[in-house]
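A.B. asks: My questions all concern the structure below.
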Amino acid sequence: MAPGSKRATATASKKLETAPYIFYKDRLGTYKNYIYDEEPHATCTSKALARAGFISTGEDAGKCPFCLKELCFDANDDPWEEHKKRGAECAFVLLGKLDETTLTVADTIKLAQTAVIMAKYEEQVKIVNGLESRASSENLYDSILKALKQKPARTTTRRAK
Ligand SMILES: [Zn+2]
């Protein structure tokens, strides 16, 4: 039987490019059969993770769409405390409003802008990484070509002598 969490991961990363996940409900929707939800004393549940700003990116991993911090969690972690500890510069952490009903229109706009900017940034990083790997494979191609061209050149030199 294939675990559902892997499929949820693919959906989450695909969705991140188009949806900013500014609301709890949308972040919670990325968690499918989350591993610690079944553990009776777990503090790190899908609800706690979504509330603390994280979307699902794998079995025990979560990522913040506002600062792009990706963490692996333990069942007894407090996602909000971990987010504050590791994402001190995060717009969501700085806002510090875990209760969505206290969000103002300005807060919501700021979070939406941050999420869109970070999603674009992540997209650009992917493009740059793609170019880098393409460039290195082109270099490999060039060196192979050079190596192939050198052989007949040497033969020609020998023949000329
Ligand atoms: Zn964050």
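For the structure tokens, the naming scheme is as follows: chains receive sequential letters (A, B, ...) according to their order of presentation, residues are indexed from 1 within each chain, and ligands are indexed from 1 in presentation order.
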Do a neighbour search on Trp80 of chain A at 8 Å with only C-alpha atoms, toss out local chain neighbours closer than 4 positions, and write the hits as a list in words.
C.D. replies: Ala48, Leu49, Arg51, Ala52, Gly53 and Lys84 of chain A
A.B. asks: Export N, CA and C atoms of the chosen residues as a short mmCIF file (atom, residue, chain, number, x, y, z; two decimals), in the first residue's frame?
C.D. replies:
```cif
data_model
loop_
_atom_site.label_atom_id
_atom_site.label_comp_id
_atom_site.auth_asym_id
_atom_site.auth_seq_id
_atom_site.Cartn_x
_atom_site.Cartn_y
_atom_site.Cartn_z
N ALA A 48 -1.86 22.05 14.55
CA ALA A 48 -0.86 22.91 15.20
C ALA A 48 0.13 23.46 14.17
N LEU A 49 0.50 22.62 13.21
CA LEU A 49 1.44 23.03 12.16
C LEU A 49 0.82 24.11 11.27
N ARG A 51 -1.65 26.05 11.97
CA ARG A 51 -1.88 27.24 12.78
C ARG A 51 -0.58 28.05 12.92
N ALA A 52 0.55 27.34 13.03
CA ALA A 52 1.86 27.98 13.19
C ALA A 52 2.44 28.46 11.86
N GLY A 53 1.70 28.28 10.75
CA GLY A 53 2.12 28.82 9.46
C GLY A 53 2.68 27.82 8.47
N LYS A 84 9.25 30.32 15.64
CA LYS A 84 9.80 31.54 16.26
C LYS A 84 11.32 31.42 16.42
#
```
A.B. asks: Excluding segment 91-104 of chain A and its own-chain neighbours fewer than 2 positions away, which residues fall within 9 Å of it when counting only C-alpha atoms? Please give them as a count of residues only.
C.D. replies: 21
A.B. asks: Skipping near chain neighbours, those fewer than 4 positions away, what residues fall within 9 Å of segment 121-129 of chain A using only C-alpha atoms, listed as a PyMOL selection string?
C.D. replies: chain A and resi 17+68+116-117+133-134
A.B. asks: Write out the residues from the selection above, keeping C-alpha atoms, as a short mmCIF file (atom, residue, chain, number, x, y, z; two decimals), in the first residue's frame.
C.D. replies:
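So out38.cif came out as:
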```
data_model
loop_
_atom_site.label_atom_id
_atom_site.label_comp_id
_atom_site.auth_asym_id
_atom_site.auth_seq_id
_atom_site.Cartn_x
_atom_site.Cartn_y
_atom_site.Cartn_z
CA GLU A 17 3.56 28.13 -6.94
CA LEU A 68 10.47 29.28 3.13
CA VAL A 116 3.70 35.84 -3.44
CA ILE A 117 7.20 37.37 -3.29
CA SER A 133 23.02 22.27 -13.99
CA ARG A 134 22.47 22.89 -17.72
#
```
A.B. asks: Would you list, as a list of chain:residue names, the residues of segment 16-151 of chain A that end up in strand (DSSP E) under DSSP run on this structure's backbone?
C.D. replies: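 So, restricting segment 16-151 of chain A to strand (DSSP E), we get A:Ile55, A:Ser56, A:Ala61, A:Gly62, A:Lys63, A:Glu70, A:Leu71, A:Cys72.
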A.B. asks: Can you list, as a PyMOL selection string, all residues belonging to segment 38-143 of chain A that DSSP tags as helix (DSSP H, G or I)?
C.D. replies: chain A and resi 38+46-51+79-86+91-95+100-102+105-143
A.B. asks: Show me, as number ranges by chain, the residues that have an atom within 6 Å of Asn76 of chain A when counting only C-alpha atoms, minus same-chain residues fewer than 3 positions from it.
C.D. replies: A: 42-44
A.B. asks: Go through A:Pro65, A:Pro79, A:Gly29, A:Gly130 and flag the residue nearest ligand 1, using only C-alpha atoms and all ligand atoms for the distances.
C.D. replies: A:Pro65
A.B. asks: So which one's closest to ligand 1, A:Lys146, A:Lys69, A:His41, A:Lys85? Using only C-alpha atoms and all ligand atoms, please.
C.D. replies: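 Among A:Lys146, A:Lys69, A:His41, A:Lys85, it is A:Lys69 that comes nearest to ligand 1.
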